[in-house]
$ cat start39.csv   # CSV, C-alpha atoms and all ligand atoms
chain,number,residue,atom,x,y,z
A,199,MET,CA,-19.6,-29.0,48.3
A,200,LYS,CA,-21.5,-32.1,49.3
A,201,ILE,CA,-19.7,-35.4,48.8
A,202,GLY,CA,-21.8,-38.5,48.9
A,203,ILE,CA,-20.1,-41.9,49.4
A,204,VAL,CA,-22.0,-45.0,48.3
A,205,GLY,CA,-20.8,-47.9,50.4
A,206,GLY,CA,-19.5,-45.3,52.9
A,207,THR,CA,-19.4,-47.7,55.8
A,208,GLY,CA,-16.5,-49.6,54.2
A,209,ASP,CA,-12.8,-49.2,54.5
A,210,ILE,CA,-12.4,-46.5,51.9
A,211,GLY,CA,-15.6,-44.7,52.8
A,212,GLU,CA,-14.7,-44.5,56.5
A,213,GLY,CA,-11.1,-43.4,55.7
A,214,MET,CA,-12.2,-40.8,53.2
A,215,SER,CA,-14.8,-39.4,55.6
A,216,ARG,CA,-12.0,-38.8,58.2
A,217,ARG,CA,-10.0,-36.8,55.7
A,218,LEU,CA,-12.7,-34.9,53.8
A,219,SER,CA,-15.4,-34.1,56.4
A,220,SER,CA,-13.5,-31.3,58.0
A,221,ARG,CA,-13.6,-29.4,54.7
A,222,TYR,CA,-16.7,-30.7,52.9
A,223,ASP,CA,-20.1,-32.0,53.8
A,224,VAL,CA,-19.7,-35.7,53.6
A,225,ILE,CA,-22.8,-37.9,53.3
A,226,LEU,CA,-22.1,-41.5,54.0
A,227,GLY,CA,-24.5,-43.9,52.3
A,228,SER,CA,-25.2,-47.6,53.1
A,229,ARG,CA,-27.7,-50.2,52.3
A,230,GLU,CA,-28.6,-49.7,55.9
A,231,ALA,CA,-29.0,-46.1,57.0
A,232,ASP,CA,-28.4,-47.0,60.7
A,233,LYS,CA,-25.1,-48.5,59.8
A,234,ALA,CA,-24.1,-45.3,57.9
A,235,HIS,CA,-25.2,-43.2,60.9
A,236,THR,CA,-23.0,-45.2,63.3
A,237,THR,CA,-20.0,-44.8,60.9
A,238,SER,CA,-20.6,-41.0,60.6
A,239,GLU,CA,-20.9,-40.6,64.4
A,240,CYS,CA,-17.5,-42.4,64.8
A,241,THR,CA,-15.9,-40.0,62.3
A,242,ILE,CA,-17.4,-37.0,64.1
A,243,ASP,CA,-16.2,-38.3,67.5
A,244,LEU,CA,-12.7,-39.1,66.2
A,245,LEU,CA,-12.3,-35.6,64.6
A,246,LYS,CA,-13.7,-33.9,67.7
A,247,GLN,CA,-11.1,-35.7,69.9
A,248,ARG,CA,-8.5,-34.1,67.6
A,249,GLY,CA,-10.1,-30.6,67.8
A,250,PHE,CA,-11.7,-30.6,64.4
A,251,LYS,CA,-15.2,-30.0,63.4
A,252,SER,CA,-16.7,-32.6,61.0
A,253,SER,CA,-19.7,-32.4,58.8
A,254,CYS,CA,-20.6,-36.1,58.3
A,255,THR,CA,-24.0,-37.7,58.1
A,256,GLY,CA,-25.1,-41.2,57.6
A,257,VAL,CA,-28.0,-42.1,55.3
A,258,SER,CA,-29.2,-44.6,52.7
A,259,ASN,CA,-27.2,-45.0,49.5
A,260,GLN,CA,-30.1,-43.4,47.6
A,261,GLU,CA,-30.2,-40.4,50.0
A,262,ALA,CA,-26.5,-39.9,49.6
A,263,VAL,CA,-26.8,-39.9,45.8
A,264,SER,CA,-29.8,-37.5,45.9
A,265,ALA,CA,-28.2,-35.0,48.3
A,266,ALA,CA,-24.6,-34.9,46.9
A,267,ASP,CA,-22.9,-32.9,44.2
A,268,VAL,CA,-20.0,-35.4,44.0
A,269,ILE,CA,-20.7,-39.1,44.5
A,270,ILE,CA,-17.9,-41.6,45.2
A,271,LEU,CA,-18.7,-45.2,44.4
A,272,ALA,CA,-16.9,-47.0,47.3
A,273,VAL,CA,-18.2,-50.5,46.8
A,274,PRO,CA,-16.3,-53.7,45.7
A,275,PHE,CA,-16.4,-54.3,42.0
A,276,LYS,CA,-18.5,-57.4,42.2
A,277,HIS,CA,-21.3,-55.3,43.7
A,278,LEU,CA,-20.8,-52.2,41.6
A,279,GLU,CA,-23.4,-53.0,38.9
A,280,SER,CA,-26.1,-54.2,41.2
A,281,THR,CA,-25.6,-51.2,43.5
A,282,ILE,CA,-25.7,-48.7,40.7
A,283,SER,CA,-28.8,-50.3,39.2
A,284,GLY,CA,-30.7,-49.9,42.4
A,285,LEU,CA,-30.0,-46.2,42.6
A,286,SER,CA,-31.2,-43.1,40.6
A,287,GLY,CA,-30.5,-39.4,40.2
A,288,PHE,CA,-26.9,-39.5,39.0
A,289,GLU,CA,-27.6,-37.3,35.9
A,290,GLY,CA,-25.4,-34.2,35.8
A,291,LYS,CA,-23.5,-35.2,38.9
A,292,ILE,CA,-19.8,-35.9,39.2
A,293,VAL,CA,-19.5,-39.7,39.9
A,294,VAL,CA,-16.0,-40.8,41.1
A,295,SER,CA,-14.9,-44.4,40.6
A,296,PRO,CA,-12.0,-45.6,42.9
A,297,VAL,CA,-13.1,-49.1,42.0
A,298,ASN,CA,-10.4,-51.7,41.0
A,299,PRO,CA,-11.7,-54.9,39.4
A,300,MET,CA,-9.2,-57.4,40.6
A,301,GLU,CA,-8.7,-60.9,42.0
A,302,LYS,CA,-6.2,-62.6,44.1
A,303,LYS,CA,-5.1,-66.0,42.9
A,304,ASP,CA,-1.4,-66.8,43.2
A,305,PHE,CA,-0.9,-63.1,42.9
A,306,PHE,CA,-3.2,-60.0,42.5
A,307,THR,CA,-4.3,-59.5,38.9
A,308,ILE,CA,-6.7,-57.1,37.1
A,309,VAL,CA,-10.0,-58.6,35.9
A,310,PRO,CA,-11.6,-55.9,33.9
A,311,PRO,CA,-15.2,-56.1,32.6
A,312,PRO,CA,-15.9,-56.2,28.9
A,313,GLU,CA,-16.2,-52.4,28.8
A,314,GLY,CA,-12.5,-52.3,29.6
A,315,SER,CA,-12.5,-50.9,33.2
A,316,ALA,CA,-14.8,-50.3,36.1
A,317,ALA,CA,-15.1,-46.6,35.3
A,318,LEU,CA,-16.1,-47.4,31.7
A,319,LEU,CA,-18.8,-49.7,33.0
A,320,VAL,CA,-20.0,-46.9,35.3
A,321,ASN,CA,-20.0,-44.6,32.3
A,322,LYS,CA,-22.2,-47.0,30.4
A,323,LEU,CA,-24.6,-47.7,33.3
A,324,LEU,CA,-25.0,-44.0,34.1
A,325,PRO,CA,-25.6,-42.0,31.0
A,326,GLY,CA,-25.6,-38.3,31.9
A,327,ALA,CA,-23.2,-38.7,34.9
A,328,ARG,CA,-19.9,-37.0,34.8
A,329,VAL,CA,-17.6,-40.0,35.5
A,330,VAL,CA,-14.1,-39.5,36.9
A,331,THR,CA,-11.6,-42.1,37.9
A,332,ALA,CA,-9.6,-41.2,41.1
A,333,PHE,CA,-8.3,-42.5,44.4
A,334,ASN,CA,-7.8,-46.0,43.1
A,335,THR,CA,-4.2,-46.3,44.4
A,336,ILE,CA,-4.6,-45.0,48.0
A,337,ALA,CA,-4.8,-47.7,50.6
A,338,ALA,CA,-7.7,-47.4,53.0
A,339,ASN,CA,-5.2,-47.5,56.0
A,340,ARG,CA,-3.6,-44.4,54.7
A,341,TRP,CA,-6.9,-42.5,54.6
A,342,LYS,CA,-7.7,-43.7,58.1
A,343,ASP,CA,-4.4,-43.0,59.9
A,344,LEU,CA,-4.8,-39.3,60.8
A,345,ASP,CA,-1.4,-39.3,62.5
A,346,ALA,CA,0.4,-39.4,59.1
A,347,GLU,CA,0.1,-37.3,56.0
A,348,ILE,CA,-0.7,-39.1,52.7
A,349,ASP,CA,2.2,-38.1,50.5
A,350,VAL,CA,1.3,-39.9,47.2
A,351,ALA,CA,0.3,-39.2,43.7
A,352,VAL,CA,-3.3,-39.6,42.5
A,353,PRO,CA,-3.8,-40.1,38.8
A,354,VAL,CA,-7.2,-38.7,37.7
A,355,CYS,CA,-8.9,-39.2,34.3
A,356,SER,CA,-12.2,-38.3,32.8
A,357,ASP,CA,-13.9,-37.2,29.5
A,358,ASP,CA,-15.4,-34.2,31.4
A,359,ALA,CA,-12.7,-31.6,31.8
A,360,ASP,CA,-14.5,-29.5,34.4
A,361,ALA,CA,-15.4,-32.6,36.5
A,362,LYS,CA,-11.8,-33.7,36.4
A,363,LEU,CA,-10.7,-30.2,37.6
A,364,VAL,CA,-13.1,-30.4,40.5
A,365,ILE,CA,-11.8,-33.8,41.7
A,366,MET,CA,-8.2,-32.7,41.2
A,367,GLY,CA,-9.0,-29.7,43.4
A,368,ILE,CA,-10.3,-32.1,46.2
A,369,VAL,CA,-7.2,-34.2,45.8
A,370,ASN,CA,-4.8,-31.3,46.0
A,371,GLY,CA,-6.5,-29.9,49.1
A,372,THR,CA,-6.3,-33.2,51.0
A,373,SER,CA,-3.2,-34.0,53.2
A,374,MET,CA,-0.2,-34.1,50.8
A,375,LEU,CA,-1.9,-35.8,47.9
A,376,LYS,CA,-0.9,-34.6,44.5
A,377,ALA,CA,-3.3,-35.0,41.6
A,378,TYR,CA,-2.0,-35.7,38.1
A,379,ASP,CA,-4.2,-35.4,35.0
A,380,ALA,CA,-4.0,-38.8,33.3
A,381,GLY,CA,-6.2,-37.9,30.3
A,382,PRO,CA,-9.5,-39.3,29.1
A,383,LEU,CA,-11.7,-41.9,30.9
A,384,ALA,CA,-10.3,-44.6,28.6
A,385,VAL,CA,-7.1,-44.3,30.7
A,386,SER,CA,-9.0,-45.7,33.7
A,387,ALA,CA,-8.1,-49.2,32.6
A,388,MET,CA,-4.4,-48.4,33.2
A,389,ILE,CA,-5.1,-46.6,36.5
A,390,GLU,CA,-7.1,-49.5,37.8
A,391,SER,CA,-4.4,-51.9,36.9
A,392,LEU,CA,-1.9,-50.1,39.1
A,393,THR,CA,-3.5,-51.4,42.3
A,394,PRO,CA,-2.9,-55.1,41.8
A,395,LEU,CA,0.6,-54.2,40.9
A,396,LEU,CA,1.0,-52.2,44.2
A,397,LEU,CA,-0.5,-55.1,46.1
A,398,ASN,CA,2.0,-57.5,44.5
A,399,ILE,CA,4.9,-55.1,45.3
A,400,ALA,CA,3.7,-54.9,48.9
A,401,ARG,CA,3.4,-58.7,49.2
A,402,TYR,CA,6.7,-59.7,47.6
A,403,ASN,CA,8.7,-56.9,49.3
A,404,LYS,CA,7.0,-57.2,52.7
A,405,MET,CA,5.7,-53.6,52.6
A,406,HIS,CA,2.4,-52.1,53.7
A,407,ASP,CA,0.0,-49.7,52.0
A,408,VAL,CA,2.3,-49.0,49.0
A,409,GLY,CA,1.4,-45.9,47.0
A,410,ILE,CA,2.8,-44.2,43.9
A,411,LYS,CA,4.7,-41.0,43.1
A,412,PHE,CA,5.6,-39.5,39.8
A,413,VAL,CA,8.9,-37.7,39.5
A,501,LIG,N1,-9.6,-50.9,50.5
A,501,LIG,C1,-8.7,-50.2,49.9
A,501,LIG,O1,-7.5,-50.1,50.4
A,501,LIG,C2,-8.9,-49.6,48.5
A,501,LIG,C3,-8.0,-48.8,47.9
A,501,LIG,C4,-8.3,-48.2,46.7
A,501,LIG,C5,-9.5,-48.4,46.1
A,501,LIG,N2,-10.4,-49.3,46.6
A,501,LIG,C6,-11.6,-49.6,45.9
A,501,LIG,O2,-12.7,-48.9,46.7
A,501,LIG,C7,-13.9,-49.7,46.6
A,501,LIG,C8,-14.3,-49.9,48.1
A,501,LIG,O3,-13.3,-50.6,48.8
A,501,LIG,P1,-13.5,-51.0,50.3
A,501,LIG,O4,-12.2,-51.7,50.7
A,501,LIG,O5,-13.9,-49.8,51.1
A,501,LIG,O6,-14.7,-52.1,50.2
A,501,LIG,P2,-15.4,-52.8,51.4
A,501,LIG,O7,-15.0,-52.2,52.7
A,501,LIG,O8,-15.2,-54.3,51.3
A,501,LIG,O9,-17.0,-52.5,51.1
A,501,LIG,C9,-17.5,-51.2,51.0
A,501,LIG,C10,-19.0,-51.2,51.2
A,501,LIG,O10,-19.6,-51.9,50.2
A,501,LIG,C11,-20.9,-52.2,50.7
A,501,LIG,N3,-21.3,-53.6,50.2
A,501,LIG,C12,-20.7,-54.7,50.7
A,501,LIG,N4,-21.4,-55.8,50.1
A,501,LIG,C13,-22.3,-55.3,49.3
A,501,LIG,C14,-23.3,-55.8,48.4
A,501,LIG,N5,-23.4,-57.2,48.3
A,501,LIG,N6,-24.1,-55.0,47.7
A,501,LIG,C15,-23.9,-53.6,47.9
A,501,LIG,N7,-23.0,-53.0,48.7
A,501,LIG,C16,-22.2,-53.9,49.4
A,501,LIG,C17,-20.9,-52.2,52.2
A,501,LIG,O11,-21.7,-51.1,52.6
A,501,LIG,P3,-23.1,-51.3,53.4
A,501,LIG,O12,-23.1,-52.7,54.0
A,501,LIG,O13,-23.1,-50.3,54.4
A,501,LIG,O14,-24.1,-51.2,52.3
A,501,LIG,C18,-19.4,-52.0,52.5
A,501,LIG,O15,-19.2,-51.2,53.6
A,501,LIG,C19,-13.5,-51.0,45.9
A,501,LIG,O16,-14.1,-51.0,44.6
A,501,LIG,C20,-12.0,-51.0,45.9
A,501,LIG,O17,-11.5,-51.7,44.7
A,501,LIG,C21,-10.1,-49.9,47.9
$ encode --input "start39.csv" --output "structure tokens"
Amino acid sequence: MKIGIVGGTGDIGEGMSRRLSSRYDVILGSREADKAHTTSECTIDLLKQRGFKSSCTGVSNQEAVSAADVIILAVPFKHLESTISGLSGFEGKIVVSPVNPMEKKDFFTIVPPPEGSAALLVNKLLPGARVVTAFNTIAANRWKDLDAEIDVAVPVCSDDADAKLVIMGIVNGTSMLKAYDAGPLAVSAMIESLTPLLLNIARYNKMHDVGIKFV
């Protein structure tokens, strides 16, 4: 399976490539292909040092979308709409939104778009794409730190049952992540609102990279 990451040079893209590229073909996208190439080489070198093979390439965001079966939109919410609008070829593909529309004022808070959530905005902008919400609550540092397993829950929601199963399969095959079916895409508003809560918990309790578990 080919997993494309739009905005793959950022914290989440780099972290996910480290965890996923030993099992999948990861195609990192960027507005600048050279930047994505540099990030992909770093991932390959890092995994090589640890004795793992890595399939990771760096290309433009458009090339990542065109080549991938599953596309992860790893860009900040404020750049989500402009990024998507400049790309094409999402029809029929699984498009994953880990995007959390939030702001930090005195504390972190959710600032959803009129559609209700970032994923619902993606769903509106990309008719024909199979939109799934996942990975919203895993801190980038946890993806990056290959010395530690990531032992947290991952709520996943979508209106496309098969697409949801594909993403839950990727989740359950990665480190110690455990996927939970959270229902239809409308639930994305609740999933996205978990992250500002986790950041407030981390801040007020002097914790780092707080995750969630369901018991
Ligand atoms: N960081 C976390 O711990 C975390 C955890 C869970 C979910 N998320 C979500 O995952 C998404 C990515 O987070 P991140 O921390 O990886 O973000 P980030 O590092 O701040 O940015 C990711 C990438 O977005 C691209 N980008 C930056 N400015 C842009 C612009 N003006 N137009 C288009 N693309 C632009 C950049 O790629 P190029 O310059 O290469 O194009 C950048 O590397 C966010 O929506 C966030 O809510 C983050």
$ closest_residue --input "start39.csv" --among "A:Trp341, A:Pro310, A:Val352, A:Val293" --to "Pro325 (chain A)" --atoms "all atoms listed in the file"
A:Val293
$ closest_atom_pairs --input "start39.csv" --of "chain A" --to "ligand LIG 501 (chain A)" --cutoff "8 Å" --atoms "only C-alpha atoms and all ligand atoms" --output "Markdown table"
| residue | atom | partner | partner_atom | distance |
| --- | --- | --- | --- | --- |
| A:Val204 | CA | A:LIG501 | O11 | 7.5 |
| A:Gly205 | CA | A:LIG501 | C10 | 3.8 |
| A:Gly206 | CA | A:LIG501 | O15 | 5.9 |
| A:Thr207 | CA | A:LIG501 | O15 | 4.1 |
| A:Gly208 | CA | A:LIG501 | O15 | 3.2 |
| A:Asp209 | CA | A:LIG501 | O5 | 3.6 |
| A:Ile210 | CA | A:LIG501 | O5 | 3.7 |
| A:Gly211 | CA | A:LIG501 | O5 | 5.6 |
| A:Glu212 | CA | A:LIG501 | O5 | 7.6 |
| A:Gly227 | CA | A:LIG501 | O13 | 6.9 |
| A:Ser228 | CA | A:LIG501 | O13 | 3.7 |
| A:Arg229 | CA | A:LIG501 | O14 | 3.7 |
| A:Glu230 | CA | A:LIG501 | O13 | 5.7 |
| A:Ala231 | CA | A:LIG501 | O13 | 7.7 |
| A:Lys233 | CA | A:LIG501 | O13 | 6.0 |
| A:Ala234 | CA | A:LIG501 | O13 | 6.2 |
| A:Asn259 | CA | A:LIG501 | O14 | 7.5 |
| A:Leu271 | CA | A:LIG501 | C7 | 6.9 |
| A:Ala272 | CA | A:LIG501 | C8 | 4.0 |
| A:Val273 | CA | A:LIG501 | O10 | 3.9 |
| A:Pro274 | CA | A:LIG501 | O16 | 3.7 |
| A:Phe275 | CA | A:LIG501 | O16 | 4.8 |
| A:Lys276 | CA | A:LIG501 | N5 | 7.8 |
| A:His277 | CA | A:LIG501 | N6 | 4.9 |
| A:Leu278 | CA | A:LIG501 | C15 | 7.2 |
| A:Ser280 | CA | A:LIG501 | N6 | 6.8 |
| A:Thr281 | CA | A:LIG501 | C15 | 5.3 |
| A:Ser295 | CA | A:LIG501 | O16 | 7.8 |
| A:Pro296 | CA | A:LIG501 | C5 | 4.9 |
| A:Val297 | CA | A:LIG501 | O16 | 3.4 |
| A:Asn298 | CA | A:LIG501 | O17 | 3.9 |
| A:Pro299 | CA | A:LIG501 | O17 | 6.2 |
| A:Met300 | CA | A:LIG501 | O17 | 7.4 |
| A:Phe333 | CA | A:LIG501 | C4 | 6.1 |
| A:Asn334 | CA | A:LIG501 | C5 | 4.2 |
| A:Thr335 | CA | A:LIG501 | C4 | 5.1 |
| A:Ile336 | CA | A:LIG501 | C4 | 5.1 |
| A:Ala337 | CA | A:LIG501 | O1 | 3.6 |
| A:Ala338 | CA | A:LIG501 | O1 | 3.8 |
| A:Asn339 | CA | A:LIG501 | O1 | 6.6 |
| A:Thr393 | CA | A:LIG501 | C4 | 7.3 |
| A:Asp407 | CA | A:LIG501 | O1 | 7.7 |
$ closest_residue --input "start39.csv" --among "A:Glu289, A:Glu301, A:Asp345, A:Asp243" --to "Ala266 (chain A)" --atoms "all atoms listed in the file"
A:Glu289
$ closest_residue --input "start39.csv" --among "A:Ser258, A:Phe250, A:Val364, A:Val385" --to "Gly314 (chain A)" --atoms "only C-alpha atoms"
A:Val385
$ residues_near_point --input "start39.csv" --point "(-18.5, -39.9, 56.0)" --cutoff "7 Å" --atoms "only C-alpha atoms" --output "list of chain:residue names"
A:Gly206, A:Gly211, A:Glu212, A:Met214, A:Ser215, A:Arg216, A:Ser219, A:Val224, A:Ile225, A:Leu226, A:Ser238, A:Thr241, A:Cys254, A:Thr255, A:Gly256
$ atom_distance --input "start39.csv" --atom1 "CA of Met405 (chain A)" --atom2 "CA of Ala387 (chain A)"
24.7 Å
$ atom_distance --input "start39.csv" --atom1 "CA of His235 (chain A)" --atom2 "CA of Asn321 (chain A)"
29.1 Å
$ closest_residue --input "start39.csv" --among "A:Leu244, A:Val354, A:Ser264, A:Asp223" --to "Gly287 (chain A)" --atoms "only C-alpha atoms"
A:Ser264
